[in-house]
Amino acid sequence: MKKKMDENKKIDTEKTAGAAVKTGAQQDDAPRKEPLRAVFMDYAMITLAALILDLGVYLFKFPNNFSFGGVTGISVVLASRLSLSAGTLNFIINMLLLVLGLLFLGKSFAARTVYASVIISVLLSAIEKLFPMSGPLTGQPMLELIFAIILPAASSAILFNIGSSGGGTDIIAMILKKYTSIHIGTALLFVDLFIVAAACFTFSIETGLFSLCGLLAKSLVIDSVIENLNLCKYFTIVCDDAEPICDFIQTRLKRSATKFEGEGAHEHHHKYIILTVMKRSQAVQLRNYIRDNQPGAFIMITNSSEIIGKGFRGLN
């Protein structure tokens with residue numbers, strides 16, 4: 001009888017443990033909610049990027065009829081043929097494309113892209129009403145071309161970096177990618193080149209060539225800005241005493257590190273090797289700490305803009 005009770009107790013214990021393991025697995029598989037502060041910061045960055053974009057478009061792009069593609073490029077071309085202003089056309093086209101995106105891309109259509117598209121159009125219309133312009137800001141088209149490239153490109157880089165976009169022709173590219181075999185980058189290039197070609201026929205060859213230069217330079221600026229936003233420092237530290245350095249990394253810089261033992265090839269002295277990655281501001285603090293406390297340590301610092309893992313970019 002006692003043996004049977006012990007067996008039943010063992011079975012109940014195993015069931016309880018199994019249920020606990022299952023519950024833990026379910027909790028691990030459950031999607032984790034993004035912290036409210038992180039969401040607020042992302043939407044604040046989207047708003048800032050929208051303002052930067054609109055200033056570049058309204059102050060430098062619209063007055064010079066530059067057309068680098070996208071909805072703003074279509075607006076510039078159509079505004080010269082219609083009685084509506086470029087800002088109003090930009091708002092109408094963006095809204096139509098958002099509806100099109102929701103119809104063809106479904107409910108999973110990114111809320112951040114919707115918010116970015118709306119805030120870009122609203123801010124542009126507001127700036128147009130508050131600060132009307134009758135012509136270019138300066139008499140230097142090349143100077144204005146530079147700002148017309150840099151500001152919108154920097155804005156796009158900020159949006160792409162936080163997993164958003166400005167909507168517009170990006171939505172067309174997303175639809176083409178979903179229903180055809182065309183790559184999203186190829187689709188965007190075709191759409192933008194078509195708009196630049198339209199600018200050549202609508203305005204002048206000079207304006208078209210300016211716009212083509214802007215289209216080519218825009219992609220370079222976007223890549224450069226994204227790379228600098230994500231730039232981190234990768235440290236390889238060879239030292240005699242790893243504990244103080246690792247403690248400084250964990251307690252002061254709130255980062256982690258990997259250490260392992262090594263041996264000098266020349267004098268065969270016992271060494272420690274520390275590997276760690278951190279942001280640029282933290283890298284300066286770590287470099288100064290090692291220089292002041294272990295001046296004999298050997299440090300190799302490498303730039304990297306692709307760090308994937310906990311504390312950096314997720315595996316998406």
# chains A, B, ... in the order shown; residues from 1 in each chain; ligands from 1
>>> select_by_dssp(residues="range 52-154 of chain A", states="alpha helix (DSSP H)", output="PyMOL selection string")
chain A and resi 52-56+70-79+86-105+111-130+141-154
>>> residues_around(residues="range 42-45 of chain A", least_positions_apart="3", cutoff="8 Å", atoms="only C-alpha atoms", output="list in words")
Ala38, Val39, Leu48, Ala49, Arg112, Ile158, Leu159 and Ile162 of chain A
>>> residues_around(residues="Val225 in chain A", least_positions_apart="3", cutoff="7 Å", atoms="only C-alpha atoms", output="PDB file with all heavy atoms, in the first residue's frame")
ATOM      1  N   ALA A 154      18.562  61.976 -44.604  1.00  0.00           N
ATOM      2  CA  ALA A 154      18.801  61.741 -43.172  1.00  0.00           C
ATOM      3  C   ALA A 154      17.505  61.333 -42.482  1.00  0.00           C
ATOM      4  O   ALA A 154      17.487  60.444 -41.623  1.00  0.00           O
ATOM      5  CB  ALA A 154      19.370  62.995 -42.523  1.00  0.00           C
ATOM      6  N   ALA A 157      16.724  57.756 -43.343  1.00  0.00           N
ATOM      7  CA  ALA A 157      17.624  56.860 -42.617  1.00  0.00           C
ATOM      8  C   ALA A 157      17.151  56.650 -41.178  1.00  0.00           C
ATOM      9  O   ALA A 157      17.195  55.529 -40.663  1.00  0.00           O
ATOM     10  CB  ALA A 157      19.042  57.428 -42.631  1.00  0.00           C
ATOM     11  N   VAL A 221      23.646  58.750 -49.178  1.00  0.00           N
ATOM     12  CA  VAL A 221      23.500  59.448 -47.894  1.00  0.00           C
ATOM     13  C   VAL A 221      22.732  58.584 -46.903  1.00  0.00           C
ATOM     14  O   VAL A 221      23.096  58.493 -45.727  1.00  0.00           O
ATOM     15  CB  VAL A 221      22.799  60.808 -48.091  1.00  0.00           C
ATOM     16  CG1 VAL A 221      22.509  61.461 -46.743  1.00  0.00           C
ATOM     17  CG2 VAL A 221      23.654  61.733 -48.937  1.00  0.00           C
ATOM     18  N   ILE A 222      21.673  57.923 -47.359  1.00  0.00           N
ATOM     19  CA  ILE A 222      20.867  57.070 -46.474  1.00  0.00           C
ATOM     20  C   ILE A 222      21.727  55.954 -45.890  1.00  0.00           C
ATOM     21  O   ILE A 222      21.713  55.699 -44.679  1.00  0.00           O
ATOM     22  CB  ILE A 222      19.653  56.484 -47.228  1.00  0.00           C
ATOM     23  CG1 ILE A 222      18.627  57.582 -47.512  1.00  0.00           C
ATOM     24  CG2 ILE A 222      19.007  55.358 -46.431  1.00  0.00           C
ATOM     25  CD1 ILE A 222      17.466  57.125 -48.368  1.00  0.00           C
ATOM     26  N   ASN A 228      26.264  55.193 -39.579  1.00  0.00           N
ATOM     27  CA  ASN A 228      26.774  55.990 -38.459  1.00  0.00           C
ATOM     28  C   ASN A 228      25.853  55.930 -37.249  1.00  0.00           C
ATOM     29  O   ASN A 228      26.325  55.979 -36.107  1.00  0.00           O
ATOM     30  CB  ASN A 228      26.965  57.443 -38.903  1.00  0.00           C
ATOM     31  CG  ASN A 228      28.279  57.652 -39.628  1.00  0.00           C
ATOM     32  OD1 ASN A 228      29.321  57.798 -39.030  1.00  0.00           O
ATOM     33  ND2 ASN A 228      28.219  57.636 -40.959  1.00  0.00           N
ATOM     34  N   LEU A 229      24.545  55.826 -37.473  1.00  0.00           N
ATOM     35  CA  LEU A 229      23.613  55.709 -36.349  1.00  0.00           C
ATOM     36  C   LEU A 229      23.847  54.416 -35.573  1.00  0.00           C
ATOM     37  O   LEU A 229      23.700  54.373 -34.355  1.00  0.00           O
ATOM     38  CB  LEU A 229      22.166  55.756 -36.859  1.00  0.00           C
ATOM     39  CG  LEU A 229      21.630  57.111 -37.302  1.00  0.00           C
ATOM     40  CD1 LEU A 229      20.256  56.956 -37.933  1.00  0.00           C
ATOM     41  CD2 LEU A 229      21.553  58.086 -36.137  1.00  0.00           C
TER      42      LEU A 229
END
>>> residues_around(residues="Asn64 in chain A", least_positions_apart="6", cutoff="8 Å", atoms="only C-alpha atoms", output="list in words")
Gly135, Pro136 and Pro141 of chain A
>>> residues_around(residues="Ile205 in chain A", least_positions_apart="6", cutoff="12 Å", atoms="only C-alpha atoms", output="number ranges by chain")
A: 65-66, 196-199, 211-212
>>> residues_around(residues="range 56-59 of chain A", least_positions_apart="5", cutoff="8 Å", atoms="only C-alpha atoms", output="list in words")
Thr72, Leu124, Ile127, Glu128, Pro136, Leu137, Phe147, Ala148, Ile149, Ile150, Leu151 and Pro152 of chain A
>>> write_last_selection(atoms="N, CA and C atoms", output="short mmCIF file (atom, residue, chain, number, x, y, z; two decimals), in the first residue's frame")
data_model
loop_
_atom_site.label_atom_id
_atom_site.label_comp_id
_atom_site.auth_asym_id
_atom_site.auth_seq_id
_atom_site.Cartn_x
_atom_site.Cartn_y
_atom_site.Cartn_z
N THR A 72 6.69 63.21 -52.93
CA THR A 72 7.02 64.63 -53.07
C THR A 72 7.43 64.95 -54.50
N LEU A 124 3.77 69.11 -43.41
CA LEU A 124 4.11 69.82 -44.64
C LEU A 124 3.03 70.82 -45.02
N ILE A 127 3.32 73.77 -42.51
CA ILE A 127 4.45 74.66 -42.82
C ILE A 127 4.14 75.51 -44.04
N GLU A 128 3.48 74.92 -45.01
CA GLU A 128 3.12 75.64 -46.24
C GLU A 128 2.17 76.79 -45.96
N PRO A 136 12.77 80.26 -54.67
CA PRO A 136 13.85 79.61 -53.93
C PRO A 136 14.36 80.45 -52.77
N LEU A 137 14.89 79.78 -51.77
CA LEU A 137 15.39 80.47 -50.57
C LEU A 137 16.64 81.28 -50.89
N PHE A 147 21.18 70.54 -49.75
CA PHE A 147 20.28 70.44 -48.60
C PHE A 147 19.02 69.66 -48.95
N ALA A 148 18.57 69.75 -50.20
CA ALA A 148 17.40 68.98 -50.63
C ALA A 148 17.69 67.49 -50.64
N ILE A 149 18.96 67.12 -50.74
CA ILE A 149 19.35 65.71 -50.68
C ILE A 149 19.57 65.26 -49.24
N ILE A 150 20.36 66.04 -48.50
CA ILE A 150 20.81 65.62 -47.16
C ILE A 150 19.66 65.51 -46.17
N LEU A 151 18.81 66.52 -46.09
CA LEU A 151 17.75 66.52 -45.08
C LEU A 151 16.74 65.38 -45.27
N PRO A 152 16.14 65.21 -46.46
CA PRO A 152 15.22 64.07 -46.62
C PRO A 152 15.91 62.71 -46.49
#
>>> atom_distance(atom1="CA of Leu100 in chain A", atom2="CA of Ser117 in chain A")
13.1 Å
>>> residues_around(residues="Asp247 in chain A", least_positions_apart="4", cutoff="12 Å", atoms="only C-alpha atoms", output="list in words")
Asp241, Ala242, Glu243, Thr251, Arg252, Leu253, Lys254, Arg255, Ser256, Ala257, Thr258, Lys259, Ile274, Leu286, Tyr289 and Ile290 of chain A
>>> decode(residues="range 116-131 of chain A", atoms="all heavy atoms", output="PDB file, in the first residue's frame")
ATOM      1  N   ALA A 116       3.879  57.822 -39.613  1.00  0.00           N
ATOM      2  CA  ALA A 116       4.887  58.633 -40.296  1.00  0.00           C
ATOM      3  C   ALA A 116       4.293  59.318 -41.517  1.00  0.00           C
ATOM      4  O   ALA A 116       4.532  60.514 -41.752  1.00  0.00           O
ATOM      5  CB  ALA A 116       6.075  57.761 -40.700  1.00  0.00           C
ATOM      6  N   SER A 117       3.515  58.588 -42.306  1.00  0.00           N
ATOM      7  CA  SER A 117       2.920  59.161 -43.513  1.00  0.00           C
ATOM      8  C   SER A 117       1.973  60.299 -43.175  1.00  0.00           C
ATOM      9  O   SER A 117       1.986  61.358 -43.825  1.00  0.00           O
ATOM     10  CB  SER A 117       2.168  58.082 -44.290  1.00  0.00           C
ATOM     11  OG  SER A 117       3.029  57.029 -44.645  1.00  0.00           O
ATOM     12  N   VAL A 118       1.144  60.086 -42.152  1.00  0.00           N
ATOM     13  CA  VAL A 118       0.175  61.113 -41.766  1.00  0.00           C
ATOM     14  C   VAL A 118       0.876  62.350 -41.234  1.00  0.00           C
ATOM     15  O   VAL A 118       0.575  63.484 -41.645  1.00  0.00           O
ATOM     16  CB  VAL A 118      -0.810  60.554 -40.710  1.00  0.00           C
ATOM     17  CG1 VAL A 118      -1.687  61.678 -40.161  1.00  0.00           C
ATOM     18  CG2 VAL A 118      -1.678  59.457 -41.309  1.00  0.00           C
ATOM     19  N   ILE A 119       1.839  62.164 -40.343  1.00  0.00           N
ATOM     20  CA  ILE A 119       2.501  63.313 -39.715  1.00  0.00           C
ATOM     21  C   ILE A 119       3.342  64.086 -40.732  1.00  0.00           C
ATOM     22  O   ILE A 119       3.440  65.316 -40.678  1.00  0.00           O
ATOM     23  CB  ILE A 119       3.355  62.864 -38.505  1.00  0.00           C
ATOM     24  CG1 ILE A 119       3.621  64.046 -37.574  1.00  0.00           C
ATOM     25  CG2 ILE A 119       4.653  62.243 -38.934  1.00  0.00           C
ATOM     26  CD1 ILE A 119       2.416  64.545 -36.845  1.00  0.00           C
ATOM     27  N   ILE A 120       3.940  63.388 -41.704  1.00  0.00           N
ATOM     28  CA  ILE A 120       4.702  64.070 -42.762  1.00  0.00           C
ATOM     29  C   ILE A 120       3.782  64.961 -43.583  1.00  0.00           C
ATOM     30  O   ILE A 120       4.094  66.128 -43.852  1.00  0.00           O
ATOM     31  CB  ILE A 120       5.413  63.040 -43.666  1.00  0.00           C
ATOM     32  CG1 ILE A 120       6.604  62.423 -42.927  1.00  0.00           C
ATOM     33  CG2 ILE A 120       5.888  63.687 -44.969  1.00  0.00           C
ATOM     34  CD1 ILE A 120       7.225  61.232 -43.641  1.00  0.00           C
ATOM     35  N   SER A 121       2.639  64.431 -43.983  1.00  0.00           N
ATOM     36  CA  SER A 121       1.705  65.207 -44.803  1.00  0.00           C
ATOM     37  C   SER A 121       1.100  66.374 -44.032  1.00  0.00           C
ATOM     38  O   SER A 121       0.992  67.486 -44.554  1.00  0.00           O
ATOM     39  CB  SER A 121       0.592  64.284 -45.316  1.00  0.00           C
ATOM     40  OG  SER A 121       1.112  63.266 -46.124  1.00  0.00           O
ATOM     41  N   VAL A 122       0.716  66.139 -42.778  1.00  0.00           N
ATOM     42  CA  VAL A 122       0.101  67.190 -41.966  1.00  0.00           C
ATOM     43  C   VAL A 122       1.094  68.315 -41.690  1.00  0.00           C
ATOM     44  O   VAL A 122       0.771  69.508 -41.831  1.00  0.00           O
ATOM     45  CB  VAL A 122      -0.438  66.598 -40.640  1.00  0.00           C
ATOM     46  CG1 VAL A 122      -0.854  67.718 -39.687  1.00  0.00           C
ATOM     47  CG2 VAL A 122      -1.629  65.682 -40.914  1.00  0.00           C
ATOM     48  N   LEU A 123       2.319  67.953 -41.299  1.00  0.00           N
ATOM     49  CA  LEU A 123       3.332  68.973 -41.010  1.00  0.00           C
ATOM     50  C   LEU A 123       3.689  69.780 -42.257  1.00  0.00           C
ATOM     51  O   LEU A 123       3.878  70.997 -42.186  1.00  0.00           O
ATOM     52  CB  LEU A 123       4.593  68.317 -40.442  1.00  0.00           C
ATOM     53  CG  LEU A 123       4.533  67.866 -38.981  1.00  0.00           C
ATOM     54  CD1 LEU A 123       5.821  67.144 -38.596  1.00  0.00           C
ATOM     55  CD2 LEU A 123       4.312  69.045 -38.042  1.00  0.00           C
ATOM     56  N   LEU A 124       3.771  69.111 -43.411  1.00  0.00           N
ATOM     57  CA  LEU A 124       4.111  69.815 -44.643  1.00  0.00           C
ATOM     58  C   LEU A 124       3.030  70.818 -45.017  1.00  0.00           C
ATOM     59  O   LEU A 124       3.327  71.958 -45.398  1.00  0.00           O
ATOM     60  CB  LEU A 124       4.312  68.811 -45.779  1.00  0.00           C
ATOM     61  CG  LEU A 124       4.783  69.394 -47.111  1.00  0.00           C
ATOM     62  CD1 LEU A 124       6.100  70.144 -46.955  1.00  0.00           C
ATOM     63  CD2 LEU A 124       4.921  68.291 -48.163  1.00  0.00           C
ATOM     64  N   SER A 125       1.771  70.415 -44.887  1.00  0.00           N
ATOM     65  CA  SER A 125       0.673  71.338 -45.174  1.00  0.00           C
ATOM     66  C   SER A 125       0.661  72.507 -44.193  1.00  0.00           C
ATOM     67  O   SER A 125       0.412  73.658 -44.575  1.00  0.00           O
ATOM     68  CB  SER A 125      -0.664  70.592 -45.107  1.00  0.00           C
ATOM     69  OG  SER A 125      -0.744  69.614 -46.120  1.00  0.00           O
ATOM     70  N   ALA A 126       0.965  72.227 -42.915  1.00  0.00           N
ATOM     71  CA  ALA A 126       0.991  73.286 -41.903  1.00  0.00           C
ATOM     72  C   ALA A 126       2.118  74.282 -42.176  1.00  0.00           C
ATOM     73  O   ALA A 126       1.921  75.508 -42.093  1.00  0.00           O
ATOM     74  CB  ALA A 126       1.155  72.668 -40.514  1.00  0.00           C
ATOM     75  N   ILE A 127       3.319  73.772 -42.515  1.00  0.00           N
ATOM     76  CA  ILE A 127       4.447  74.659 -42.816  1.00  0.00           C
ATOM     77  C   ILE A 127       4.143  75.513 -44.038  1.00  0.00           C
ATOM     78  O   ILE A 127       4.471  76.697 -44.103  1.00  0.00           O
ATOM     79  CB  ILE A 127       5.733  73.825 -43.044  1.00  0.00           C
ATOM     80  CG1 ILE A 127       6.159  73.142 -41.752  1.00  0.00           C
ATOM     81  CG2 ILE A 127       6.875  74.708 -43.556  1.00  0.00           C
ATOM     82  CD1 ILE A 127       7.293  72.142 -41.928  1.00  0.00           C
ATOM     83  N   GLU A 128       3.478  74.920 -45.014  1.00  0.00           N
ATOM     84  CA  GLU A 128       3.124  75.638 -46.241  1.00  0.00           C
ATOM     85  C   GLU A 128       2.168  76.794 -45.955  1.00  0.00           C
ATOM     86  O   GLU A 128       2.281  77.877 -46.544  1.00  0.00           O
ATOM     87  CB  GLU A 128       2.498  74.656 -47.227  1.00  0.00           C
ATOM     88  CG  GLU A 128       2.340  75.198 -48.635  1.00  0.00           C
ATOM     89  CD  GLU A 128       1.811  74.131 -49.566  1.00  0.00           C
ATOM     90  OE1 GLU A 128       0.856  73.426 -49.179  1.00  0.00           O
ATOM     91  OE2 GLU A 128       2.354  73.992 -50.673  1.00  0.00           O
ATOM     92  N   LYS A 129       1.243  76.570 -45.035  1.00  0.00           N
ATOM     93  CA  LYS A 129       0.276  77.626 -44.695  1.00  0.00           C
ATOM     94  C   LYS A 129       0.921  78.704 -43.821  1.00  0.00           C
ATOM     95  O   LYS A 129       0.638  79.900 -43.982  1.00  0.00           O
ATOM     96  CB  LYS A 129      -0.910  77.008 -43.942  1.00  0.00           C
ATOM     97  CG  LYS A 129      -1.758  76.052 -44.775  1.00  0.00           C
ATOM     98  CD  LYS A 129      -2.550  76.800 -45.828  1.00  0.00           C
ATOM     99  CE  LYS A 129      -3.561  75.883 -46.513  1.00  0.00           C
ATOM    100  NZ  LYS A 129      -2.940  74.765 -47.230  1.00  0.00           N
ATOM    101  N   LEU A 130       1.800  78.305 -42.906  1.00  0.00           N
ATOM    102  CA  LEU A 130       2.398  79.256 -41.961  1.00  0.00           C
ATOM    103  C   LEU A 130       3.511  80.082 -42.591  1.00  0.00           C
ATOM    104  O   LEU A 130       3.694  81.260 -42.256  1.00  0.00           O
ATOM    105  CB  LEU A 130       2.930  78.507 -40.730  1.00  0.00           C
ATOM    106  CG  LEU A 130       1.877  77.851 -39.823  1.00  0.00           C
ATOM    107  CD1 LEU A 130       2.556  77.007 -38.757  1.00  0.00           C
ATOM    108  CD2 LEU A 130       0.997  78.917 -39.169  1.00  0.00           C
ATOM    109  N   PHE A 131       4.279  79.465 -43.495  1.00  0.00           N
ATOM    110  CA  PHE A 131       5.434  80.156 -44.082  1.00  0.00           C
ATOM    111  C   PHE A 131       5.400  80.048 -45.607  1.00  0.00           C
ATOM    112  O   PHE A 131       6.160  79.269 -46.203  1.00  0.00           O
ATOM    113  CB  PHE A 131       6.747  79.558 -43.540  1.00  0.00           C
ATOM    114  CG  PHE A 131       6.841  79.533 -42.053  1.00  0.00           C
ATOM    115  CD1 PHE A 131       6.609  78.359 -41.344  1.00  0.00           C
ATOM    116  CD2 PHE A 131       7.137  80.692 -41.333  1.00  0.00           C
ATOM    117  CE1 PHE A 131       6.680  78.332 -39.965  1.00  0.00           C
ATOM    118  CE2 PHE A 131       7.216  80.669 -39.954  1.00  0.00           C
ATOM    119  CZ  PHE A 131       6.984  79.488 -39.269  1.00  0.00           C
TER     120      PHE A 131
END
